[in-house]
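Below is run28.txt, holding compact mmCIF, C-alpha atoms.
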```
# COMPACT_ATOMS: atom_id res chain seq x y z
CA MET A 475 284.25 65.85 -50.14
CA LEU A 476 282.16 64.38 -52.90
CA TYR A 477 279.63 63.22 -50.31
CA ASN A 478 278.87 66.77 -49.18
CA ILE A 479 278.92 68.22 -52.67
CA ALA A 480 276.60 65.63 -54.05
CA ALA A 481 274.14 65.84 -51.18
CA VAL A 482 270.83 67.43 -52.11
CA PRO A 483 267.68 68.18 -50.11
CA LEU A 484 265.49 65.32 -48.80
CA ASN A 485 268.76 63.60 -47.95
CA ILE A 486 269.05 62.36 -51.52
CA ASP A 487 272.59 61.08 -51.75
CA TRP A 488 274.11 59.99 -55.06
CA GLN A 489 276.67 57.84 -53.32
CA GLN A 490 273.97 55.94 -51.48
CA ILE A 491 271.94 55.62 -54.67
CA LEU A 492 274.99 54.06 -56.31
CA LEU A 493 275.42 51.78 -53.29
CA HIS A 494 271.80 50.69 -53.64
CA LEU A 495 272.38 50.20 -57.37
CA LEU A 496 275.48 48.09 -56.75
CA ASN A 497 273.53 46.05 -54.26
CA PHE A 498 270.68 45.51 -56.70
CA VAL A 499 273.02 44.60 -59.56
CA ILE A 500 274.63 41.95 -57.35
CA LEU A 501 271.19 40.71 -56.35
CA PHE A 502 269.97 40.65 -59.94
CA ALA A 503 273.01 38.74 -61.18
CA GLY A 504 272.87 36.28 -58.29
CA LEU A 505 269.15 35.63 -58.52
CA TYR A 506 269.34 35.30 -62.29
CA LEU A 507 272.15 32.77 -62.20
CA LEU A 508 271.13 30.85 -59.11
CA LEU A 509 267.35 30.81 -59.28
CA TYR A 510 265.63 32.36 -62.28
CA LYS A 511 267.63 30.77 -65.08
CA PRO A 512 267.78 27.20 -63.70
CA VAL A 513 264.10 27.16 -62.71
CA LYS A 514 263.09 28.62 -66.06
CA ALA A 515 265.33 26.12 -67.88
CA PHE A 516 263.74 23.27 -65.95
CA MET A 517 260.24 24.57 -66.71
CA GLN A 518 261.19 24.87 -70.37
CA LYS A 519 262.59 21.34 -70.34
CA ARG A 520 259.42 20.00 -68.77
CA ARG A 521 257.29 21.97 -71.23
CA GLU A 522 259.28 20.49 -74.12
CA HIS A 523 258.98 17.03 -72.59
CA TYR A 524 255.21 17.29 -72.36
CA GLU A 525 254.97 18.92 -75.78
CA LYS A 526 256.99 16.02 -77.18
CA MET A 527 254.71 13.60 -75.39
CA ASP A 528 251.73 15.44 -76.76
CA LYS A 529 253.23 15.43 -80.25
CA ASP A 530 254.02 11.72 -80.00
CA ALA A 531 250.53 11.00 -78.79
CA GLU A 532 249.15 13.06 -81.65
CA GLU A 533 251.32 11.17 -84.12
CA GLN A 534 250.21 7.87 -82.62
CA SER A 535 246.65 9.02 -82.85
CA LYS A 536 247.16 10.03 -86.48
CA LYS A 537 248.76 6.66 -87.23
CA ALA A 538 245.89 4.89 -85.52
CA ASP A 539 243.43 6.99 -87.50
CA ALA A 540 245.28 6.17 -90.71
CA ALA A 541 245.33 2.46 -89.85
CA ARG A 542 241.66 2.61 -89.04
CA ALA A 543 240.89 4.40 -92.28
CA GLU A 544 242.99 1.86 -94.15
CA TYR A 545 241.23 -1.00 -92.37
CA GLU A 546 237.85 0.52 -93.10
CA GLU A 547 238.91 1.02 -96.70
CA LYS A 548 239.99 -2.58 -96.88
CA LEU A 549 236.78 -3.66 -95.24
CA SER A 550 234.72 -1.64 -97.67
CA SER A 551 236.76 -2.95 -100.63
CA CYS A 552 236.32 -6.45 -99.26
CA ASP A 553 232.60 -5.87 -99.02
CA ARG A 554 232.65 -4.56 -102.56
CA GLU A 555 234.64 -7.59 -103.66
CA ILE A 556 232.24 -9.91 -101.91
CA GLU A 557 229.36 -8.10 -103.54
CA GLU A 558 231.01 -8.37 -106.93
CA LYS A 559 231.70 -12.05 -106.41
CA ARG A 560 228.18 -12.58 -105.25
CA ALA A 561 226.88 -10.76 -108.33
CA ALA A 562 229.16 -12.81 -110.56
CA ALA A 563 228.04 -16.03 -108.88
CA LYS A 564 224.44 -14.98 -109.23
CA LYS A 565 225.02 -14.16 -112.84
CA GLU A 566 226.72 -17.50 -113.40
CA LEU A 567 223.93 -19.24 -111.57
CA ASP A 568 221.37 -17.42 -113.65
CA HIS A 569 223.27 -18.36 -116.77
CA TYR A 570 223.50 -21.97 -115.66
CA GLU A 571 219.84 -21.93 -114.74
CA GLN A 572 219.03 -20.47 -118.10
CA MET A 573 221.11 -23.11 -119.79
CA ARG A 574 219.42 -25.81 -117.79
CA LYS A 575 216.05 -24.34 -118.57
CA SER A 576 216.75 -24.07 -122.26
CA ALA A 577 218.15 -27.61 -122.28
CA ALA A 578 215.10 -28.83 -120.45
CA GLU A 579 212.90 -26.96 -122.86
CA GLU A 580 214.80 -28.46 -125.78
CA GLU A 581 214.49 -31.88 -124.26
CA ALA A 582 210.83 -31.31 -123.60
CA ASP A 583 210.37 -30.16 -127.17
CA ALA A 584 212.19 -33.24 -128.42
CA ILE A 585 210.10 -35.49 -126.18
CA LEU A 586 206.97 -33.72 -127.32
CA ALA A 587 208.00 -33.97 -130.92
CA GLU A 588 208.78 -37.65 -130.45
CA ALA A 589 205.48 -38.17 -128.70
CA ARG A 590 203.70 -36.33 -131.41
CA LYS A 591 205.51 -38.39 -134.00
CA LYS A 592 204.66 -41.60 -132.18
CA ALA A 593 201.10 -40.49 -131.70
CA ALA A 594 200.83 -39.70 -135.40
CA GLU A 595 202.33 -43.04 -136.25
CA GLU A 596 200.02 -44.82 -133.91
CA LYS A 597 197.12 -42.84 -135.32
CA ARG A 598 198.16 -43.85 -138.78
CA HIS A 599 198.43 -47.47 -137.74
CA ALA A 600 195.11 -47.33 -135.99
CA LEU A 601 193.50 -45.70 -138.95
CA ARG A 602 194.98 -48.28 -141.22
CA ALA A 603 193.84 -51.08 -138.95
CA ALA A 604 190.44 -49.55 -138.61
CA ARG A 605 190.17 -49.17 -142.33
CA ARG A 606 191.17 -52.77 -142.76
CA GLU A 607 188.68 -53.85 -140.18
CA ILE A 608 185.95 -51.70 -141.63
CA SER A 609 186.64 -52.95 -145.12
CA ALA A 610 186.56 -56.52 -143.78
CA LEU A 611 183.37 -55.81 -141.99
CA VAL A 612 181.93 -54.17 -145.09
CA SER A 613 182.92 -57.08 -147.27
CA ASP A 614 181.50 -59.49 -144.73
CA ALA A 615 178.31 -57.50 -144.51
CA THR A 616 178.15 -57.17 -148.22
CA GLU A 617 178.76 -60.83 -148.58
CA LYS A 618 176.14 -61.61 -146.01
CA LEU A 619 173.75 -59.16 -147.60
CA VAL A 620 174.41 -60.51 -151.02
CA LEU A 621 173.99 -64.05 -149.83
CA LYS A 622 170.88 -63.16 -147.92
CA GLU A 623 169.31 -61.47 -150.94
CA THR A 624 170.27 -64.32 -153.16
CA ALA A 625 168.68 -66.94 -150.87
CA GLN A 626 165.52 -64.89 -150.49
CA GLU A 627 165.39 -64.33 -154.14
CA ALA A 628 165.92 -67.97 -154.80
CA TYR A 629 163.32 -68.84 -152.20
CA ASP A 630 161.00 -66.34 -153.82
CA GLN A 631 161.69 -67.72 -157.26
CA PHE A 632 161.13 -71.16 -155.93
CA LEU A 633 157.92 -70.07 -154.47
CA ASP A 634 156.92 -68.29 -157.68
CA ALA A 635 157.86 -71.24 -159.72
CA ALA A 636 155.94 -73.45 -157.44
CA ASP A 637 152.93 -71.19 -157.75
CA ASP A 638 153.14 -71.15 -161.51
CA LYS A 639 153.25 -74.83 -161.75
CA HIS A 640 150.36 -75.12 -159.45
CA GLU A 641 148.10 -72.73 -161.44
CA GLU A 642 148.79 -74.12 -164.92
CA PRO A 643 147.03 -77.54 -164.42
CA ARG A 644 143.70 -75.80 -163.42
CA ALA A 645 143.78 -73.82 -166.48
CA MET B 276 227.42 26.29 -5.02
CA SER B 277 229.77 23.39 -5.55
CA LYS B 278 233.49 23.60 -4.82
CA LYS B 279 234.31 23.56 -8.51
CA LYS B 280 232.06 26.49 -9.29
CA THR B 281 233.46 28.41 -6.32
CA ALA B 282 236.99 27.87 -7.60
CA VAL B 283 236.08 29.06 -11.10
CA PHE B 284 234.38 32.15 -9.70
CA LEU B 285 237.39 33.02 -7.58
CA ILE B 286 239.81 32.60 -10.51
CA VAL B 287 237.71 34.80 -12.81
CA ALA B 288 237.32 37.48 -10.14
CA ALA B 289 241.06 37.48 -9.46
CA ALA B 290 241.80 37.76 -13.19
CA VAL B 291 239.43 40.71 -13.60
CA ILE B 292 240.91 42.49 -10.59
CA ALA B 293 244.44 41.85 -11.87
CA ALA B 294 243.54 43.17 -15.32
CA LEU B 295 242.05 46.30 -13.81
CA VAL B 296 245.13 46.88 -11.66
CA VAL B 297 247.41 46.45 -14.68
CA GLY B 298 245.22 48.82 -16.67
CA ILE B 299 245.32 51.45 -13.92
CA VAL B 300 249.10 51.18 -13.69
CA LEU B 301 249.61 51.33 -17.45
CA THR B 302 247.27 54.24 -18.04
CA ASP B 303 249.26 56.30 -15.62
CA GLY B 304 250.81 58.88 -17.92
CA LEU B 305 248.99 57.57 -21.01
CA TYR B 306 249.55 59.38 -24.28
CA GLU B 307 252.82 60.77 -23.00
CA LYS B 308 255.20 60.93 -25.92
CA ALA B 309 258.37 58.93 -25.62
CA GLY B 310 260.06 61.69 -27.57
CA SER B 311 259.15 64.42 -30.02
CA VAL B 312 257.01 62.99 -32.84
CA ASN B 313 258.45 65.56 -35.19
CA GLU B 314 261.96 64.36 -34.51
CA THR B 315 260.92 60.75 -34.93
CA MET B 316 259.23 61.50 -38.24
CA GLN B 317 262.13 63.59 -39.45
CA ASP B 318 264.60 60.83 -38.59
CA ALA B 319 262.43 58.29 -40.32
CA VAL B 320 262.35 60.36 -43.50
CA LEU B 321 265.74 62.01 -43.63
CA HIS B 322 267.90 59.74 -41.47
CA GLU B 323 269.95 62.73 -40.44
CA GLY B 324 270.57 61.58 -36.94
CA ASP B 325 270.79 57.82 -37.36
CA LYS B 326 273.54 57.32 -39.94
CA ILE B 327 275.52 54.15 -39.58
CA SER B 328 279.00 53.27 -40.66
CA PHE B 329 279.20 50.98 -43.68
CA PHE B 330 282.78 50.11 -44.58
CA GLY B 331 283.80 53.54 -43.37
CA LEU B 332 281.00 55.35 -45.19
CA ALA B 333 278.30 57.15 -43.25
CA VAL B 334 275.12 55.84 -44.81
CA ASN B 335 271.44 55.51 -43.99
CA PRO B 336 270.45 52.28 -42.24
CA ALA B 337 268.51 51.28 -45.36
CA VAL B 338 271.76 50.75 -47.28
CA LEU B 339 272.79 48.13 -44.78
CA SER B 340 269.27 46.71 -44.90
CA ALA B 341 269.58 46.44 -48.67
CA PHE B 342 272.82 44.47 -48.46
CA VAL B 343 271.43 42.26 -45.69
CA VAL B 344 268.35 41.53 -47.79
CA THR B 345 270.54 40.79 -50.79
CA GLY B 346 272.68 38.49 -48.66
CA ILE B 347 269.64 36.64 -47.36
CA LEU B 348 268.18 36.25 -50.85
CA LEU B 349 271.46 35.10 -52.37
CA ILE B 350 272.11 32.58 -49.60
CA PHE B 351 268.58 31.27 -50.04
CA ALA B 352 269.06 31.12 -53.83
CA ALA B 353 272.41 29.32 -53.45
CA ILE B 354 270.89 26.75 -51.08
CA VAL B 355 268.00 26.21 -53.47
CA ARG B 356 270.39 25.96 -56.43
CA ILE B 357 272.62 23.40 -54.72
CA PHE B 358 270.13 21.28 -52.82
CA VAL B 359 266.68 21.73 -54.35
CA ILE B 360 266.92 22.41 -58.07
CA PRO B 361 268.92 19.23 -58.90
CA LYS B 362 266.09 17.25 -57.31
CA PHE B 363 263.37 18.89 -59.37
CA SER B 364 260.92 16.40 -60.85
CA TYR B 365 258.27 16.64 -63.53
CA ILE B 366 255.64 16.13 -60.85
CA PRO B 367 256.58 19.01 -58.56
CA SER B 368 256.69 19.02 -54.77
CA LYS B 369 255.06 21.89 -52.87
CA PHE B 370 258.30 23.86 -52.56
CA GLN B 371 259.19 23.29 -56.21
CA LEU B 372 255.72 24.44 -57.13
CA LEU B 373 256.22 27.60 -55.08
CA LEU B 374 259.51 28.38 -56.83
CA GLU B 375 258.06 27.64 -60.26
CA GLN B 376 255.05 29.78 -59.45
CA ALA B 377 257.27 32.69 -58.43
CA VAL B 378 259.43 32.45 -61.56
CA GLY B 379 256.47 31.69 -63.82
CA MET B 380 254.45 34.61 -62.47
CA PHE B 381 257.09 37.21 -63.39
CA GLU B 382 257.90 35.46 -66.65
CA ASN B 383 254.23 35.52 -67.63
CA LEU B 384 253.93 39.13 -66.53
CA ALA B 385 256.79 39.98 -68.88
CA LYS B 386 255.42 37.86 -71.72
CA THR B 387 251.87 39.16 -71.54
CA ASN B 388 252.84 42.82 -71.29
CA SER B 389 255.78 42.71 -73.66
CA PRO B 390 255.25 39.91 -76.16
CA HIS B 391 257.99 41.09 -78.53
CA ARG B 392 260.94 41.28 -76.14
CA ASN B 393 260.77 39.79 -72.67
CA ASN B 394 263.78 37.63 -71.73
CA PHE B 395 265.66 40.30 -69.81
CA LEU B 396 262.45 41.88 -68.58
CA GLY B 397 261.31 38.64 -66.93
CA ALA B 398 264.60 38.30 -65.05
CA TYR B 399 264.54 41.97 -64.01
CA LEU B 400 260.96 41.74 -62.78
CA PHE B 401 261.80 38.61 -60.82
CA ALA B 402 264.75 40.29 -59.11
CA ALA B 403 262.88 43.55 -58.50
CA GLY B 404 259.83 41.69 -57.21
CA ALA B 405 261.92 39.58 -54.85
CA TYR B 406 263.84 42.65 -53.65
CA ILE B 407 260.77 44.79 -53.01
CA SER B 408 258.68 42.09 -51.34
CA ILE B 409 261.40 40.55 -49.17
CA GLY B 410 262.93 43.97 -48.49
CA THR B 411 259.60 45.30 -47.27
CA LEU B 412 258.95 42.24 -45.12
CA PHE B 413 262.48 42.62 -43.76
CA GLU B 414 261.42 45.53 -41.57
CA LEU B 415 259.20 43.12 -39.62
CA VAL B 416 262.34 41.42 -38.30
CA GLY B 417 263.56 44.69 -36.85
CA ILE B 418 267.26 43.89 -36.58
CA PRO B 419 268.83 46.35 -34.15
CA TRP B 420 271.98 48.19 -35.26
CA MET B 421 274.16 50.79 -33.70
CA THR B 422 274.32 54.19 -35.35
CA ALA B 423 277.48 56.20 -35.79
CA ALA B 424 276.31 58.34 -32.88
CA GLY B 425 276.07 55.27 -30.66
CA ALA B 426 272.27 55.08 -30.55
CA SER B 427 270.31 51.95 -31.41
CA VAL B 428 268.28 51.79 -34.59
CA SER B 429 266.13 49.09 -36.07
CA LEU B 430 267.03 48.28 -39.68
CA PRO B 431 264.21 49.55 -41.91
CA ALA B 432 262.98 48.35 -45.30
CA PRO B 433 265.61 49.19 -47.95
CA LEU B 434 263.08 51.04 -50.07
CA SER B 435 261.75 53.19 -47.25
CA ASP B 436 264.95 55.18 -47.85
CA ILE B 437 264.46 57.69 -50.63
CA ASN B 438 267.84 56.75 -52.16
CA GLY B 439 266.80 53.12 -52.49
CA ALA B 440 263.43 54.12 -53.96
CA ILE B 441 265.07 56.51 -56.43
CA MET B 442 267.48 53.77 -57.48
CA MET B 443 264.62 51.35 -58.05
CA GLY B 444 262.47 53.86 -59.94
CA CYS B 445 265.29 55.19 -62.11
CA LEU B 446 266.68 51.73 -62.81
CA SER B 447 263.24 50.57 -63.89
CA TYR B 448 263.06 53.58 -66.19
CA LEU B 449 266.49 52.76 -67.62
CA VAL B 450 265.39 49.18 -68.20
CA ILE B 451 262.34 50.49 -70.06
CA LEU B 452 264.60 52.81 -72.05
CA SER B 453 266.94 49.92 -72.91
CA GLY B 454 263.97 47.91 -74.16
CA GLY B 455 262.91 50.84 -76.34
CA ILE B 456 266.40 51.32 -77.78
CA LEU B 457 266.97 47.63 -78.47
CA SER B 458 263.60 47.19 -80.14
CA ASN B 459 263.02 50.47 -81.93
CA GLY B 460 266.27 52.43 -81.79
CA PHE B 461 265.77 56.17 -81.84
CA ARG B 462 262.00 55.77 -81.99
CA GLY B 463 262.21 53.75 -78.74
CA VAL B 464 264.18 56.54 -77.06
CA GLY B 465 261.49 58.97 -78.10
CA ARG B 466 258.76 56.74 -76.81
CA THR B 467 260.53 56.34 -73.46
CA LEU B 468 261.38 60.01 -73.07
CA LYS B 469 257.73 60.78 -73.67
CA GLU B 470 257.11 59.25 -70.24
CA PHE B 471 259.68 61.56 -68.61
CA SER B 472 257.76 61.71 -65.34
CA LEU B 473 257.92 57.94 -64.94
CA PRO B 474 261.17 57.67 -62.92
CA ILE B 475 259.99 60.35 -60.50
CA SER B 476 256.52 58.88 -60.12
CA MET B 477 257.84 55.34 -59.71
CA SER B 478 260.49 56.37 -57.21
CA PHE B 479 258.25 58.53 -55.08
CA ARG B 480 255.35 56.11 -55.24
CA LEU B 481 257.58 53.41 -53.85
CA PHE B 482 259.17 55.71 -51.32
CA GLY B 483 255.86 57.24 -50.25
CA ALA B 484 254.08 53.93 -49.88
CA LEU B 485 256.82 52.33 -47.83
CA LEU B 486 257.54 55.46 -45.85
CA SER B 487 253.88 55.88 -44.94
CA GLY B 488 253.90 52.40 -43.41
CA LEU B 489 257.03 53.25 -41.52
CA LEU B 490 255.62 56.57 -40.31
CA VAL B 491 252.38 55.02 -39.14
CA THR B 492 254.35 52.37 -37.27
CA GLU B 493 256.64 55.02 -35.76
CA LEU B 494 253.61 57.06 -34.77
CA VAL B 495 251.96 54.10 -33.11
CA TYR B 496 255.13 53.12 -31.30
CA SER B 497 255.68 56.64 -30.05
CA TYR B 498 252.73 56.23 -27.71
CA LEU B 499 253.03 53.65 -24.98
CA ALA B 500 249.33 52.76 -24.78
CA LEU B 501 249.05 52.10 -28.52
CA SER B 502 251.98 49.74 -28.60
CA PHE B 503 250.26 46.63 -27.19
CA VAL B 504 247.85 45.13 -29.74
CA LEU B 505 247.68 47.71 -32.48
CA PRO B 506 251.20 47.11 -33.90
CA VAL B 507 250.15 43.57 -34.77
CA VAL B 508 247.55 44.99 -37.12
CA VAL B 509 249.29 48.16 -38.18
CA GLY B 510 252.84 46.83 -38.41
CA VAL B 511 252.40 43.31 -39.72
CA LEU B 512 249.30 43.75 -41.82
CA PHE B 513 250.37 47.04 -43.37
CA THR B 514 253.83 45.70 -44.08
CA ILE B 515 252.54 42.56 -45.74
CA LEU B 516 250.06 44.57 -47.79
CA HIS B 517 252.75 47.06 -48.78
CA ALA B 518 255.06 44.26 -49.80
CA LEU B 519 252.45 42.71 -52.06
CA ILE B 520 251.01 45.91 -53.47
CA GLN B 521 254.30 47.67 -54.18
CA THR B 522 255.80 44.57 -55.75
CA TYR B 523 252.80 44.26 -58.01
CA VAL B 524 252.66 47.96 -58.87
CA LEU B 525 256.31 48.44 -59.76
CA THR B 526 256.68 45.19 -61.71
CA MET B 527 253.39 45.74 -63.51
CA LEU B 528 254.24 49.32 -64.46
CA THR B 529 257.72 48.38 -65.62
CA ALA B 530 256.38 45.50 -67.71
CA LEU B 531 253.62 47.65 -69.14
CA PHE B 532 255.86 50.54 -70.22
CA TYR B 533 258.58 48.15 -71.39
CA GLY B 534 256.04 46.40 -73.61
CA GLU B 535 254.76 49.72 -74.89
CA VAL B 536 258.16 51.09 -75.91
CA SER B 537 259.48 47.79 -77.29
CA GLU B 538 256.48 47.20 -79.50
CA PRO B 539 257.50 47.31 -83.15
CA PRO B 540 255.92 50.18 -85.08
CA VAL B 541 252.87 49.41 -87.16
CA LEU B 542 253.54 50.54 -90.69
CA LYS B 543 250.55 52.06 -92.36
CA PRO B 544 250.00 50.81 -95.90
CA LYS B 545 250.92 53.52 -98.39
CA THR B 546 247.97 54.69 -100.39
CA LYS B 547 248.81 55.78 -103.91
CA LYS B 548 247.55 59.22 -104.67
CA GLN B 549 245.48 59.30 -107.79
CA LYS B 550 246.68 61.79 -110.32
CA LYS B 551 244.27 64.59 -110.75
CA VAL B 552 242.85 64.69 -114.21
CA PRO B 553 242.52 68.22 -115.53
CA SER B 554 238.93 69.37 -115.51
CA GLU B 555 239.17 70.55 -119.12
CA VAL B 556 240.03 67.05 -120.27
CA THR B 557 237.24 65.50 -118.31
CA SER B 558 234.72 68.07 -119.50
CA LYS B 559 235.71 67.36 -123.05
```
Could you render the structure as structure tokens?
Amino acid sequence: MLYNIAAVPLNIDWQQILLHLLNFVILFAGLYLLLYKPVKAFMQKRREHYEKMDKDAEEQSKKADAARAEYEEKLSSCDREIEEKRAAAKKELDHYEQMRKSAAEEEADAILAEARKKAAEEKRHALRAARREISALVSDATEKLVLKETAQEAYDQFLDAADDKHEEPRA
Amino acid sequence: MSKKKTAVFLIVAAAVIAALVVGIVLTDGLYEKAGSVNETMQDAVLHEGDKISFFGLAVNPAVLSAFVVTGILLIFAAIVRIFVIPKFSYIPSKFQLLLEQAVGMFENLAKTNSPHRNNFLGAYLFAAGAYISIGTLFELVGIPWMTAAGASVSLPAPLSDINGAIMMGCLSYLVILSGGILSNGFRGVGRTLKEFSLPISMSFRLFGALLSGLLVTELVYSYLALSFVLPVVVGVLFTILHALIQTYVLTMLTALFYGEVSEPPVLKPKTKKQKKVPSEVTSK
């Protein structure tokens, strides 16, 4: 019998080893198909599900970050635009102010020139009038002085003549 | 003394007296052996006198134990496959968590120890782990069976039989060898054969560890006085510890050696040898 031939000390029996092996192979196949594979497949499916969720969340986060960056970019460009517009407005205002100032200065110069011209004219008129008045006064004074001297002289001559006439009879 | 206290005193006194009487009766003939310890030990190791009939074959009781354990595990797996796994949810229940933990533990053991090739290894470790742990715990049930000689025998752990242990050790070695061949071809064979003592050490470690538990239990049970409280500690605790430790040891060793032999070889970068310039040329 194979059983007796194969038997070795310590009761090691090849037939029983093969029986144990057969038993384990059946167990391995059964456990693999019924338990290990389905549970592992489910765990893998769940892992993929959560990885997908994680990936989606990451993508959403990236999109949100991109939108935020874009918004911030827009905001900063808007700020820049506002700043530029403000600078342009300020420049325009300065220009307008300058124009107004120069116009005012021109006007002031014109008014001043006109005033100066009028003042000069008035001065000329006044001088002319004063000259006329002075010359009138001088002529009047001259006339009065001349008349006064003439009357005095005549009075003196009269008196001299009167004296002469008075002295001659005595003589 | 009140009536209540008197009643308590009387009950305690009666209990003490009863315990002493029982002790005196039981210690009559204490440490008498139920049979020859040598015979018991020899039967436990060699199973020469307790062979049972298995489909017409005279086999050790452990063979039947092995098939019973396999039957239990497969029925359990089939029930789980039909009724539990289809109801698995992403937020696991306690039982689902237990199953996932069991599968994940062996899968991770395979992945961490053998990162290059681990699909088959994970499944093998799971089956071997389940077989060793449940098979070892199976001896706690102590199913009685009739031997071919007509005596009664309690079904032992499948791996407390040397044939079962040799099968497990050698199969693990063959699995390691297969990993080596598939990953590295002839180099893998060489790497596996280098560990030629592995099947013997694995087999006898398993056999020795489980047999020692069995022998200690047999020894304890062979004395009447030691068979009251001590078996709870010796039998149950030792068996549970053996189940855990041997499962861990065999699966860990298999994974470790499998990973070692299936690791792809690291090619050393070839260094170009510089041509020697003749000394005459250099001196000139």
*chain B contacts on chain A, all atoms listed in the file, 9 Å, as a ChimeraX atom specification*: /A:484-495,497-498,500-506,508-514,516-517,520
At a cut-off of 8 Å, using all atoms listed in the file, what residues contact Pro336 of chain B? Leave out same-chain residues fewer than 6 positions from it and give the result as a short mmCIF file (atom, residue, chain, number, x, y, z; two decimals) with C-alpha atoms, keeping the file's coordinate frame.
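Output (part_7.cif):
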```
data_model
loop_
_atom_site.label_atom_id
_atom_site.label_comp_id
_atom_site.auth_asym_id
_atom_site.auth_seq_id
_atom_site.Cartn_x
_atom_site.Cartn_y
_atom_site.Cartn_z
CA HIS B 322 267.90 59.74 -41.47
CA ASP B 325 270.79 57.82 -37.36
CA LYS B 326 273.54 57.32 -39.94
CA ILE B 327 275.52 54.15 -39.58
CA VAL B 428 268.28 51.79 -34.59
CA LEU B 430 267.03 48.28 -39.68
CA PRO B 431 264.21 49.55 -41.91
#
```
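Between atom CA of Tyr496 of chain B and atom CA of Ser427 of chain B the separation is 15.2 Å.
Counting from atom CA of Asn388 of chain B, the distance to atom CA of Pro540 of chain B is 15.9 Å.
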*Atom pair atom CA of Ser277 of chain B / atom CA of Ala289 of chain B: separation (Å)*: 18.5 Å
Take every atom of segment 583-597 of chain A listed in the file, fit an axis-aligned box around them, add 5 Å per side, and give the centre and edge lengths in Å to one decimal as JSON.
```
{"center_x": 204.7, "center_y": -37.5, "center_z": -131.2, "size_x": 25.1, "size_y": 24.7, "size_z": 20.1}
```
